[in-house]
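Listing of query.cif; format and content: mmCIF, C-alpha atoms and all ligand atoms.
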```cif
data_query
#
loop_
_atom_site.label_atom_id
_atom_site.label_comp_id
_atom_site.auth_asym_id
_atom_site.auth_seq_id
_atom_site.Cartn_x
_atom_site.Cartn_y
_atom_site.Cartn_z
CA MET A 77 -6.39 41.46 32.91
CA ARG A 78 -4.78 40.16 29.72
CA ASP A 79 -6.76 38.77 26.78
CA SER A 80 -4.73 35.57 27.14
CA VAL A 81 -6.32 35.15 30.59
CA LEU A 82 -9.73 35.07 28.92
CA GLU A 83 -8.51 32.49 26.43
CA GLU A 84 -7.21 30.33 29.29
CA VAL A 85 -10.59 30.64 31.03
CA ARG A 86 -12.49 29.51 27.95
CA ALA A 87 -10.15 26.58 27.30
CA ALA A 88 -10.25 25.43 30.93
CA ASP A 89 -14.04 25.74 30.99
CA ALA A 90 -14.46 23.69 27.83
CA ALA A 91 -12.26 20.96 29.32
CA ALA A 92 -13.83 21.01 32.79
CA PRO A 93 -15.04 17.67 34.12
CA ALA A 94 -18.33 17.35 36.00
CA THR A 95 -17.57 18.69 39.48
CA GLY A 96 -20.27 17.01 41.56
CA ALA A 97 -20.81 20.46 43.09
CA VAL A 98 -23.69 20.81 45.56
CA TYR A 99 -25.33 23.40 43.35
CA ASP A 100 -25.56 20.88 40.51
CA ARG A 101 -28.32 19.41 42.67
CA ILE A 102 -29.78 22.42 44.49
CA GLY A 103 -29.24 25.10 41.84
CA VAL A 104 -31.89 23.91 39.36
CA GLY A 105 -34.28 26.81 38.64
CA TYR A 106 -32.04 29.28 40.53
CA SER A 107 -31.99 32.16 38.06
CA ALA A 108 -35.78 32.21 37.60
CA VAL A 109 -36.27 33.07 41.30
CA ARG A 110 -32.95 34.71 42.14
CA ARG A 111 -33.27 37.86 40.06
CA PRO A 112 -30.49 40.32 41.02
CA ASP A 113 -31.92 43.29 42.85
CA PRO A 114 -31.17 46.55 40.97
CA GLU A 115 -30.44 48.49 44.16
CA TRP A 116 -27.91 45.91 45.34
CA ALA A 117 -26.42 45.79 41.84
CA ALA A 118 -25.78 49.54 42.06
CA ILE A 119 -24.27 49.18 45.55
CA VAL A 120 -21.95 46.37 44.42
CA ARG A 121 -20.92 48.36 41.34
CA ASP A 122 -20.18 51.35 43.53
CA ALA A 123 -18.10 49.21 45.90
CA LEU A 124 -15.86 48.15 43.01
CA GLY A 125 -15.03 51.80 42.38
CA ASP A 126 -12.54 52.42 39.60
CA ALA A 127 -11.53 48.79 39.22
CA ARG A 128 -11.43 47.72 35.60
CA SER A 129 -10.98 44.01 36.02
CA VAL A 130 -12.90 41.89 38.51
CA ILE A 131 -12.87 38.23 39.47
CA ASN A 132 -16.29 37.08 40.66
CA VAL A 133 -15.83 34.02 42.84
CA GLY A 134 -18.79 31.70 43.42
CA ALA A 135 -20.39 33.60 40.57
CA GLY A 136 -23.39 31.36 40.02
CA SER A 137 -25.55 32.55 37.17
CA GLY A 138 -23.84 35.94 37.05
CA ALA A 139 -25.86 38.05 39.47
CA TYR A 140 -24.30 41.41 40.38
CA GLU A 141 -21.55 41.23 37.75
CA PRO A 142 -21.11 44.80 36.48
CA ALA A 143 -21.60 44.85 32.71
CA ASP A 144 -19.19 47.77 32.25
CA LEU A 145 -16.17 45.99 33.80
CA ARG A 146 -13.98 43.15 32.55
CA VAL A 147 -15.23 40.32 34.69
CA VAL A 148 -13.96 36.76 34.90
CA ALA A 149 -16.26 34.46 36.83
CA VAL A 150 -15.33 31.32 38.78
CA GLU A 151 -18.06 28.82 39.62
CA PRO A 152 -17.84 25.10 40.52
CA SER A 153 -21.35 24.04 39.51
CA ALA A 154 -22.06 23.12 35.88
CA GLU A 155 -25.77 23.63 36.57
CA MET A 156 -25.11 27.21 37.70
CA ARG A 157 -22.73 27.96 34.85
CA ALA A 158 -25.39 26.75 32.40
CA GLN A 159 -27.79 29.39 33.76
CA ARG A 160 -25.49 32.27 32.89
CA PRO A 161 -27.22 34.40 30.26
CA ALA A 162 -25.84 34.76 26.75
CA GLY A 163 -23.25 37.52 26.76
CA ALA A 164 -22.36 37.08 30.44
CA ALA A 165 -18.71 37.28 31.46
CA PRO A 166 -16.54 34.21 30.75
CA CYS A 167 -16.83 31.68 33.55
CA LEU A 168 -14.26 29.16 34.69
CA ALA A 169 -15.15 25.88 36.39
CA GLY A 170 -13.26 26.31 39.64
CA ARG A 171 -13.32 26.89 43.37
CA ALA A 172 -12.41 29.77 45.63
CA GLU A 173 -9.86 27.62 47.44
CA SER A 174 -7.64 27.37 44.38
CA LEU A 175 -7.88 30.19 41.86
CA PRO A 176 -5.81 29.53 38.73
CA PHE A 177 -4.58 33.12 38.34
CA ASP A 178 -1.41 35.04 39.08
CA ASP A 179 -1.01 37.20 42.17
CA GLY A 180 -2.74 40.54 41.58
CA ALA A 181 -4.19 39.43 38.23
CA PHE A 182 -7.34 41.51 38.84
CA ASP A 183 -8.09 44.93 40.25
CA ALA A 184 -10.83 43.65 42.53
CA ALA A 185 -12.33 40.41 43.79
CA LEU A 186 -16.08 39.99 44.30
CA ALA A 187 -17.82 37.23 46.27
CA VAL A 188 -21.61 37.45 46.65
CA LEU A 189 -23.54 35.12 48.98
CA THR A 190 -21.03 32.34 48.49
CA VAL A 191 -18.46 32.22 51.32
CA HIS A 192 -20.74 30.02 53.47
CA HIS A 193 -20.53 27.31 50.80
CA TRP A 194 -16.74 27.14 50.60
CA THR A 195 -15.21 23.98 52.02
CA ASP A 196 -12.11 25.83 53.25
CA LEU A 197 -12.94 29.43 54.15
CA GLU A 198 -9.38 30.38 55.13
CA ALA A 199 -7.95 29.10 51.85
CA GLY A 200 -10.69 30.80 49.83
CA ILE A 201 -10.19 34.19 51.49
CA ALA A 202 -6.41 33.89 51.12
CA GLU A 203 -6.92 33.25 47.40
CA LEU A 204 -9.29 36.21 47.09
CA ARG A 205 -6.68 38.47 48.68
CA ARG A 206 -3.88 37.00 46.56
CA VAL A 207 -5.43 37.58 43.14
CA ALA A 208 -6.67 41.15 43.70
CA PRO A 209 -5.63 44.08 45.90
CA ARG A 210 -9.19 44.94 46.93
CA PHE A 211 -12.36 43.06 47.63
CA ALA A 212 -16.12 43.22 48.06
CA VAL A 213 -17.68 40.32 49.95
CA LEU A 214 -21.44 40.15 50.46
CA THR A 215 -22.53 37.86 53.24
CA TYR A 216 -25.05 37.64 56.07
CA ASP A 217 -24.81 37.76 59.81
CA MET A 218 -26.53 34.80 61.45
CA ASP A 219 -26.77 36.69 64.78
CA VAL A 220 -29.34 38.84 62.95
CA GLN A 221 -30.74 36.37 60.43
CA GLY A 222 -31.17 33.69 63.11
CA GLU A 223 -33.96 35.86 64.55
CA TYR A 224 -35.85 36.09 61.27
CA TRP A 225 -39.56 35.33 61.88
CA PHE A 226 -39.85 32.43 59.45
CA THR A 227 -36.91 30.48 60.80
CA ARG A 228 -37.48 31.45 64.44
CA ASP A 229 -41.19 30.61 64.50
CA TYR A 230 -41.70 28.04 61.74
CA VAL A 231 -38.51 26.19 60.77
CA PRO A 232 -35.85 26.68 63.48
CA GLU A 233 -33.92 23.80 61.89
CA ILE A 234 -32.97 26.20 59.08
CA ALA A 235 -31.26 28.62 61.46
CA ARG A 236 -29.51 25.75 63.23
CA ALA A 237 -28.16 24.38 59.94
CA GLU A 238 -27.16 27.84 58.70
CA ARG A 239 -25.37 28.69 61.95
CA SER A 240 -23.08 25.73 61.40
CA ARG A 241 -22.29 26.87 57.87
CA VAL A 242 -22.24 30.67 57.71
CA PRO A 243 -19.04 32.26 59.01
CA SER A 244 -19.47 35.15 61.43
CA VAL A 245 -18.84 38.65 60.12
CA GLN A 246 -16.13 38.97 62.76
CA ARG A 247 -14.35 35.87 61.44
CA LEU A 248 -14.56 37.16 57.89
CA THR A 249 -13.18 40.59 58.80
CA GLU A 250 -10.30 38.96 60.70
CA LEU A 251 -9.41 36.92 57.62
CA LEU A 252 -9.91 39.74 55.12
CA GLY A 253 -7.96 42.38 57.01
CA PRO A 254 -8.78 46.10 57.30
CA CYS A 255 -12.24 46.67 55.89
CA GLU A 256 -15.57 48.41 56.17
CA VAL A 257 -18.83 46.64 56.91
CA ARG A 258 -22.02 48.09 55.50
CA GLU A 259 -25.54 47.01 56.44
CA LEU A 260 -27.75 46.19 53.44
CA PRO A 261 -31.43 46.25 54.43
CA LEU A 262 -34.04 44.48 52.31
CA ARG A 263 -36.90 46.40 50.73
CA HIS A 264 -40.30 44.66 50.96
CA ASP A 265 -40.25 44.10 47.18
CA PHE A 266 -36.63 42.93 46.94
CA THR A 267 -36.19 40.90 43.74
CA ASP A 268 -33.42 38.38 44.58
CA GLY A 269 -35.50 35.53 45.98
CA PHE A 270 -33.35 34.20 48.79
CA MET A 271 -35.18 33.15 51.92
CA THR A 272 -35.49 36.48 53.77
CA ALA A 273 -36.41 38.40 50.60
CA PHE A 274 -40.01 37.40 51.28
CA TRP A 275 -40.16 38.89 54.77
CA ARG A 276 -43.37 40.79 53.90
CA ARG A 277 -44.70 38.25 51.38
CA PRO A 278 -45.23 35.11 53.53
CA GLU A 279 -47.31 33.31 50.87
CA ALA A 280 -44.11 32.94 48.82
CA TYR A 281 -42.87 30.22 51.21
CA LEU A 282 -45.77 28.01 50.15
CA ASP A 283 -44.31 27.87 46.63
CA PRO A 284 -41.92 24.91 46.16
CA ASP A 285 -40.12 26.73 43.32
CA VAL A 286 -39.28 29.60 45.67
CA ARG A 287 -38.01 27.19 48.32
CA ARG A 288 -35.99 25.21 45.78
CA ALA A 289 -34.04 28.32 44.71
CA CYS A 290 -32.67 28.88 48.19
CA SER A 291 -29.94 26.74 49.75
CA ALA A 292 -31.24 27.43 53.28
CA PHE A 293 -34.26 25.28 52.40
CA ALA A 294 -32.50 22.81 50.16
CA LEU A 295 -29.86 21.98 52.79
CA THR A 296 -32.30 21.55 55.69
CA ASP A 297 -34.18 18.36 56.57
CA ALA A 298 -37.12 18.22 54.11
CA GLU A 299 -39.60 16.99 56.72
CA ALA A 300 -38.82 19.87 59.06
CA VAL A 301 -39.32 22.32 56.19
CA SER A 302 -42.66 20.82 55.19
CA ARG A 303 -43.91 20.79 58.79
CA GLY A 304 -43.07 24.49 59.11
CA VAL A 305 -44.58 25.35 55.74
CA GLU A 306 -47.84 23.59 56.63
CA ARG A 307 -48.04 25.49 59.93
CA LEU A 308 -47.48 28.72 58.04
CA ARG A 309 -50.21 27.79 55.55
CA ALA A 310 -52.65 27.20 58.41
CA ASP A 311 -51.69 30.51 60.09
CA LEU A 312 -52.18 32.39 56.82
CA ASP A 313 -55.56 30.73 56.23
CA SER A 314 -56.76 31.52 59.77
CA GLY A 315 -55.45 35.09 59.72
CA LEU A 316 -53.16 34.38 62.68
CA TRP A 317 -50.03 35.26 60.72
CA HIS A 318 -51.32 38.74 59.83
CA ARG A 319 -52.38 39.39 63.42
CA ARG A 320 -49.10 38.17 64.86
CA TYR A 321 -46.83 40.02 62.44
CA ALA A 322 -48.96 43.13 61.80
CA ASP A 323 -46.00 45.39 62.59
CA LEU A 324 -44.01 43.92 59.66
CA MET A 325 -46.68 45.01 57.19
CA GLU A 326 -46.11 48.62 58.31
CA ARG A 327 -42.42 48.52 57.39
CA ASP A 328 -40.70 49.18 54.06
CA THR A 329 -37.31 47.66 54.89
CA LEU A 330 -35.91 45.02 57.20
CA ASP A 331 -32.38 44.32 58.38
CA ALA A 332 -32.06 40.58 57.73
CA GLY A 333 -28.34 40.62 58.47
CA PHE A 334 -26.89 41.22 55.01
CA ARG A 335 -23.50 42.89 55.13
CA LEU A 336 -21.18 44.16 52.40
CA ILE A 337 -17.55 43.93 53.47
CA THR A 338 -15.16 46.03 51.40
CA GLY A 339 -11.49 46.77 51.73
CA GLY A 340 -8.01 46.48 50.35
CA SER A 341 -6.19 49.17 48.49
CA PRO A 342 -7.34 50.52 45.15
CA ARG A 343 -4.40 50.71 42.81
CA THR A 344 -3.75 52.99 39.89
CA VAL A 345 -5.46 51.24 37.05
CA GLY A 346 -4.48 51.26 33.42
CA GLY A 347 -3.07 48.94 30.76
CA GLU A 348 -3.01 45.48 32.31
CA GLY A 349 -4.60 46.71 35.50
CA LYS A 350 -1.21 46.49 37.24
CA PRO A 351 0.13 49.26 39.45
C1 LIG B 401 -26.11 31.35 46.70
S1 LIG B 401 -25.14 31.01 45.29
C2 LIG B 401 -24.60 32.67 44.87
C3 LIG B 401 -24.30 32.82 43.42
C4 LIG B 401 -24.10 34.25 42.95
N1 LIG B 401 -22.91 34.82 43.53
C5 LIG B 401 -25.32 35.05 43.27
O1 LIG B 401 -25.22 36.02 44.03
O2 LIG B 401 -26.39 34.74 42.73
C6 LIG B 401 -23.64 30.32 45.95
C7 LIG B 401 -22.67 29.90 44.88
O3 LIG B 401 -21.42 29.54 45.47
C8 LIG B 401 -20.91 28.46 44.71
N2 LIG B 401 -19.87 27.72 45.46
C9 LIG B 401 -20.02 26.65 46.28
N3 LIG B 401 -18.83 26.23 46.73
C10 LIG B 401 -17.90 27.04 46.20
C11 LIG B 401 -16.47 27.11 46.28
N4 LIG B 401 -15.78 26.25 47.04
N5 LIG B 401 -15.83 28.07 45.58
C12 LIG B 401 -16.54 28.94 44.83
N6 LIG B 401 -17.88 28.92 44.72
C13 LIG B 401 -18.56 28.00 45.39
C14 LIG B 401 -22.12 27.63 44.40
O4 LIG B 401 -21.91 26.67 43.39
C15 LIG B 401 -23.14 28.70 44.08
O5 LIG B 401 -23.19 29.02 42.72
#
```

Mind turning this structure into structure tokens?
Amino acid sequence: MRDSVLEEVRAADAAAPATGAVYDRIGVGYSAVRRPDPEWAAIVRDALGDARSVINVGAGSGAYEPADLRVVAVEPSAEMRAQRPAGAAPCLAGRAESLPFDDGAFDAALAVLTVHHWTDLEAGIAELRRVAPRFAVLTYDMDVQGEYWFTRDYVPEIARAERSRVPSVQRLTELLGPCEVRELPLRHDFTDGFMTAFWRRPEAYLDPDVRRACSAFALTDAEAVSRGVERLRADLDSGLWHRRYADLMERDTLDAGFRLITGGSPRTVGGEGKP
């Protein structure tokens, strides 16, 4: 990655118009609840191997960006870009579907929990593959997550809405090409507060700030969510929840469907990161 690329990023960012991105509305308060989990951060860093330069697409507030690599972030939402901490990697206002970089400009491309928001998945994946020879894509499998207790038993509308949005792992692997798929289970004290992070902490769903930080809630009919939350509140108060889900409290980890898809060919790095 050349220094001039960073200059272009900064200039383009300064000149970026308001995007009207969905996360300008639903991303308020994101980084307070969505604290990157250290174990996942180590796994993502490991997946990037000896890459020196990384493009992080759908970067949000900068979660999982390795501090020891030269990262350029791309993020459409001004609200999300504003939540990037001081000293975070430079971030361009842009979209996966059209990345303003040369072919092979980076050693690796990273996309964490974002592909289900892209308006044109095929174009976004083609761009990811064009700008870097290898990739790490973190996503979730709705065949697994659709059975999660909260959505199955309290707000099935969430799973229905998510199924229409989240691409299958099979579809992603077809588009990405040869790759490996790794299961990423969630510890009971997982720190990144997306919906299933609270699988053993059901009281968290009663907190509107927690719900606001997760697109699965924000993009589902508000009345359906509040009906489900009120039923959960009643089941927690009566003790029914703890009787019904007693087996969960015995577990330390849960497979909620998260999958890390890695592949492509590492290249000899050095200088500009070109072969
Ligand atoms: C759940 S957040 C994930 C953010 C970050 N990667 C993380 O792990 O915290 C999804 C992000 O994808 C971004 N996004 C939505 N549409 C996009 C697109 N077409 N191209 C790139 N990013 C997009 C959103 O603005 C949002 O910041």

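Straight-line separation from CA of Phe182 (chain A) to CA of Val130 (chain A): 5.6 Å.
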
Could you give me the residues within 6 Å of ligand LIG 401 (chain B), counting all atoms listed in the file, as a ChimeraX atom specification? /A:99,133-136,139,151-153,156,171-172,188-190,193-195

For CA of Pro278 (chain A) and CA of Thr215 (chain A), quote the distance in Å rounded to one decimal.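 According to the coordinates, CA of Pro278 (chain A) and CA of Thr215 (chain A) are separated by 22.9 Å.
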
Between A:Arg121, A:Arg239, A:Arg258, A:Arg111, which residue has the minimum interatomic distance to Phe334 (chain A), considering all atoms listed in the file?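 The closest residue to Phe334 (chain A) is A:Arg258.
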
Have a look at CA of Arg263 (chain A) and CA of Leu330 (chain A) and let me know their distance in Å, one decimal.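 For CA of Arg263 (chain A) relative to CA of Leu330 (chain A), the distance reads 6.7 Å.
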
Could the residues of region 192-309 of chain A that have an atom at most 12 Å from region 317-320 of chain A be listed as JSON lines, each with its closest atom pair and the distance in Å to one decimal, counting all atoms listed in the file and ordered by chain and ascending residue number?
```
{"residue": "A:Trp225", "atom": "CA", "partner": "A:Arg320", "partner_atom": "CA", "distance": 10.4}
{"residue": "A:Phe226", "atom": "CA", "partner": "A:Trp317", "partner_atom": "CA", "distance": 10.6}
{"residue": "A:Asp229", "atom": "CA", "partner": "A:Trp317", "partner_atom": "CA", "distance": 10.7}
{"residue": "A:Tyr230", "atom": "CA", "partner": "A:Trp317", "partner_atom": "CA", "distance": 11.1}
{"residue": "A:Arg276", "atom": "CA", "partner": "A:His318", "partner_atom": "CA", "distance": 10.1}
{"residue": "A:Arg277", "atom": "CA", "partner": "A:His318", "partner_atom": "CA", "distance": 10.7}
{"residue": "A:Pro278", "atom": "CA", "partner": "A:Trp317", "partner_atom": "CA", "distance": 8.6}
{"residue": "A:Glu279", "atom": "CA", "partner": "A:Trp317", "partner_atom": "CA", "distance": 10.4}
{"residue": "A:Arg307", "atom": "CA", "partner": "A:Trp317", "partner_atom": "CA", "distance": 10.0}
{"residue": "A:Leu308", "atom": "CA", "partner": "A:Trp317", "partner_atom": "CA", "distance": 7.5}
{"residue": "A:Arg309", "atom": "CA", "partner": "A:Trp317", "partner_atom": "CA", "distance": 9.1}
```

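For the set A:Asp268, A:Asp126, A:Glu299, A:Glu155, the residue with the smallest atom-to-atom gap to Val286 (chain A) is A:Asp268, counting all atoms listed in the file.
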
For Ala169 (chain A), the nearest of the candidates A:Ala123, A:Val257, A:Ala97, A:Leu186, counting only C-alpha atoms: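 Nearest to Ala169 (chain A): A:Ala97.
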
At most 6 Å from (-20.0, 31.5, 54.5), file frame, all atoms listed in the file: which residues, as a VMD selection string? chain A and resid 191 to 193 242 to 243

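With all atoms listed in the file as the atoms that count, the minimum distance from Asp183 (chain A) to the choices A:Val220, A:Leu145, A:Ile119, A:Ala127 is reached by A:Ala127.
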
Using all atoms listed in the file, pick whichever of A:Ala310, A:Ala300, A:Arg241, A:Gly222 has the shortest atom-to-atom distance to Met271 (chain A).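 With all atoms listed in the file as the atom set, the closest residue is A:Gly222.
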
Might you pull out every residue within 9 Å of Thr267 (chain A), with only C-alpha atoms counted and same-chain residues fewer than 5 positions away left off, and present them as a ChimeraX atom specification? /A:109-114,273
